[in-house]
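To start, the structure itself, in structure tokens.
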Amino acid sequence: MAFLQLDKVDKTFFSKDTFSEAIKDISFSVEEGEFVSLIGPSGCGKTTLLSLISGLILPTRGSVQLDGKEIKKPTPETGYMLQQDYLFPWMTIEDNITLGLKTMGKLTKDSKEHALYLLEEMGLGDKLKEYPTQLSGGMRQRVALVRMLSTDPKLLLLDEPFSALDFQTKLKLEDLVFSTIKEHQKTAILVTHDIGEAIAMSDRVVLLGHSPGEVQRIFNIPEDIRSKLPFETRNHPTYNERFQEVWKELESLEK
């Protein structure tokens, strides 16, 4: 069985007088250590899908299984990284990155040392006693990544974590996040509107159609591209060909 398995998943939101189908009949799997991106038109249910995988909401129909167990509530095995870093401004960087460990009752000398090691890996080891307002946007996102990785989740969910950054910072952070995830052999799912980002970071790209979101097509990224850092991939001779293939499919959904 695949590490993550979605089987015929629907999600309908109900109000007093109406209902709205967000996603419909979603089935796909993700293997352990794989990096998969979700793309599609605005409102197609990408973030809803992440919320279902995280256990924050439950499907109306179908099942979501992680490592052979059905997801029915949030679990420590899943980490979530959002567009906003959501660091607590009144807490130091050291306190922010160990907060998850504290709330889960996992803060020990060893786990704290591991969190500090990750922060050092991110080039922020000298920022321990500083506060989020003293850091740039890219730095804060690196801190958010450390906070997520410090609890050692099996699955990482990334909801447009680079979209609020300037382009140069975004490219640098893509490389850093990609290499960190691969080094720590994590499984990751990225939601993005950026086709180039999806191609550059992923093993596969899942394209969802208009609401209710359904899987329209899954693109397999060739080994000669996905083995490189995202910045190198963007400069690869076949990158533009892959970009146009995904772009045309996405454009066809808009017509």
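Each chain in the structure tokens gets a letter, A, B, ..., in the order shown, and its residues are numbered from 1; ligands are numbered from 1 in order too.
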
Counting only C-alpha atoms, which residues in stretch 60-84 of chain A sit no more than 6 Å from stretch 152-157 of chain A? For each one, give the nearest pair of atoms and the distance in Å, sorted by chain then residue number, as a Markdown table.
```
| residue | atom | partner | partner_atom | distance |
| --- | --- | --- | --- | --- |
| A:Glu77 | CA | A:Pro153 | CA | 4.4 |
| A:Thr78 | CA | A:Leu155 | CA | 4.8 |
| A:Gly79 | CA | A:Leu156 | CA | 4.8 |
| A:Tyr80 | CA | A:Leu157 | CA | 4.8 |
```

Using only C-alpha atoms, find each residue of stretch 88-130 of chain A with at least one atom at most 12 Å away from an atom of stretch 176-194 of chain A; report its shortest atom-to-atom pair and that distance in Å (one decimal), sort the rows by chain and rising residue number, and return the result as a tab-separated table.
```
residue	atom	partner	partner_atom	distance
A:Leu118	CA	A:Thr180	CA	9.3
A:Leu119	CA	A:Thr180	CA	11.4
A:Glu121	CA	A:Thr180	CA	8.7
A:Met122	CA	A:Leu176	CA	7.8
A:Gly123	CA	A:Leu176	CA	10.3
```

Selection: 12 Å around A:Pro89, only C-alpha atoms, excl. self and same-chain fewer than 2 positions, as a ChimeraX atom specification: /A:85-87,91-96,130-135,140

Could you save those same residues with N, CA and C atoms as a PDB file, in the first residue's frame?
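So the final result, stored in selection25.pdb, reads:
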```pdb
ATOM      1  N   ASP A  85       3.932  32.742   8.137  1.00  0.00           N
ATOM      2  CA  ASP A  85       4.748  31.919   9.027  1.00  0.00           C
ATOM      3  C   ASP A  85       4.090  31.648  10.382  1.00  0.00           C
ATOM      4  N   TYR A  86       3.183  32.543  10.816  1.00  0.00           N
ATOM      5  CA  TYR A  86       2.477  32.393  12.086  1.00  0.00           C
ATOM      6  C   TYR A  86       3.413  32.179  13.280  1.00  0.00           C
ATOM      7  N   LEU A  87       4.563  32.835  13.249  1.00  0.00           N
ATOM      8  CA  LEU A  87       5.432  32.837  14.419  1.00  0.00           C
ATOM      9  C   LEU A  87       4.831  33.787  15.461  1.00  0.00           C
ATOM     10  N   MET A  91       7.601  35.879  21.254  1.00  0.00           N
ATOM     11  CA  MET A  91       8.502  34.791  21.630  1.00  0.00           C
ATOM     12  C   MET A  91       9.790  34.868  20.820  1.00  0.00           C
ATOM     13  N   THR A  92      10.900  34.489  21.432  1.00  0.00           N
ATOM     14  CA  THR A  92      12.170  34.447  20.701  1.00  0.00           C
ATOM     15  C   THR A  92      12.124  33.349  19.647  1.00  0.00           C
ATOM     16  N   ILE A  93      13.075  33.384  18.737  1.00  0.00           N
ATOM     17  CA  ILE A  93      13.162  32.339  17.711  1.00  0.00           C
ATOM     18  C   ILE A  93      13.348  30.973  18.360  1.00  0.00           C
ATOM     19  N   GLU A  94      14.170  30.914  19.399  1.00  0.00           N
ATOM     20  CA  GLU A  94      14.382  29.651  20.109  1.00  0.00           C
ATOM     21  C   GLU A  94      13.066  29.111  20.670  1.00  0.00           C
ATOM     22  N   ASP A  95      12.273  29.984  21.274  1.00  0.00           N
ATOM     23  CA  ASP A  95      10.997  29.546  21.841  1.00  0.00           C
ATOM     24  C   ASP A  95      10.000  29.164  20.750  1.00  0.00           C
ATOM     25  N   ASN A  96      10.036  29.867  19.633  1.00  0.00           N
ATOM     26  CA  ASN A  96       9.139  29.541  18.521  1.00  0.00           C
ATOM     27  C   ASN A  96       9.416  28.157  17.944  1.00  0.00           C
ATOM     28  N   GLU A 130      16.698  36.441  19.036  1.00  0.00           N
ATOM     29  CA  GLU A 130      15.982  37.521  18.366  1.00  0.00           C
ATOM     30  C   GLU A 130      14.488  37.193  18.266  1.00  0.00           C
ATOM     31  N   TYR A 131      13.711  38.183  17.826  1.00  0.00           N
ATOM     32  CA  TYR A 131      12.258  38.021  17.707  1.00  0.00           C
ATOM     33  C   TYR A 131      11.858  38.068  16.229  1.00  0.00           C
ATOM     34  N   PRO A 132      10.720  37.480  15.877  1.00  0.00           N
ATOM     35  CA  PRO A 132      10.309  37.418  14.474  1.00  0.00           C
ATOM     36  C   PRO A 132      10.329  38.769  13.751  1.00  0.00           C
ATOM     37  N   THR A 133       9.964  39.844  14.432  1.00  0.00           N
ATOM     38  CA  THR A 133       9.934  41.160  13.792  1.00  0.00           C
ATOM     39  C   THR A 133      11.324  41.652  13.386  1.00  0.00           C
ATOM     40  N   GLN A 134      12.356  41.022  13.915  1.00  0.00           N
ATOM     41  CA  GLN A 134      13.726  41.403  13.584  1.00  0.00           C
ATOM     42  C   GLN A 134      14.254  40.655  12.354  1.00  0.00           C
ATOM     43  N   LEU A 135      13.458  39.730  11.827  1.00  0.00           N
ATOM     44  CA  LEU A 135      13.882  38.901  10.698  1.00  0.00           C
ATOM     45  C   LEU A 135      13.129  39.280   9.426  1.00  0.00           C
ATOM     46  N   ARG A 140      11.917  34.274   8.326  1.00  0.00           N
ATOM     47  CA  ARG A 140      10.798  33.780   9.137  1.00  0.00           C
ATOM     48  C   ARG A 140      10.245  32.479   8.568  1.00  0.00           C
TER      49      ARG A 140
END
```

Tell me, which residues of stretch 139-225 of chain A carry DSSP strand (DSSP E or B), written as a list in words?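 Strand (DSSP E or B) assignments inside stretch 139-225 of chain A correspond to Leu155, Leu156, Leu157, Leu158, Asp159, Thr187, Ala188, Ile189, Leu190, Val191, Arg204, Val205, Val206, Leu207, Leu208, Gly213, Val215, Gln216, Arg217, Ile218, Phe219 and Asn220 of chain A.
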
Could you name the residues that touch A:Gly62 at 8 Å or less, counting only C-alpha atoms, but leaving out those on the same chain fewer than 3 positions away, as number ranges by chain? A: 6-10, 25, 59

Residues as selected, C-alpha atoms, written as a CSV table (one decimal), in the first residue's frame, can you do that?
```csv
chain,number,residue,atom,x,y,z
A,6,LEU,CA,-6.8,9.0,-1.2
A,7,ASP,CA,-9.7,6.8,-2.3
A,8,LYS,CA,-12.7,8.4,-4.0
A,9,VAL,CA,-12.7,11.4,-1.7
A,10,ASP,CA,-15.5,14.0,-1.9
A,25,ASP,CA,-14.0,11.7,-6.5
A,59,PRO,CA,-14.3,13.8,3.8
```

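Minimum atom-to-atom distance to A:Leu49, evaluated using only C-alpha atoms, belongs to A:Glu214 out of A:Glu232, A:Glu214, A:Glu197, A:Glu254.
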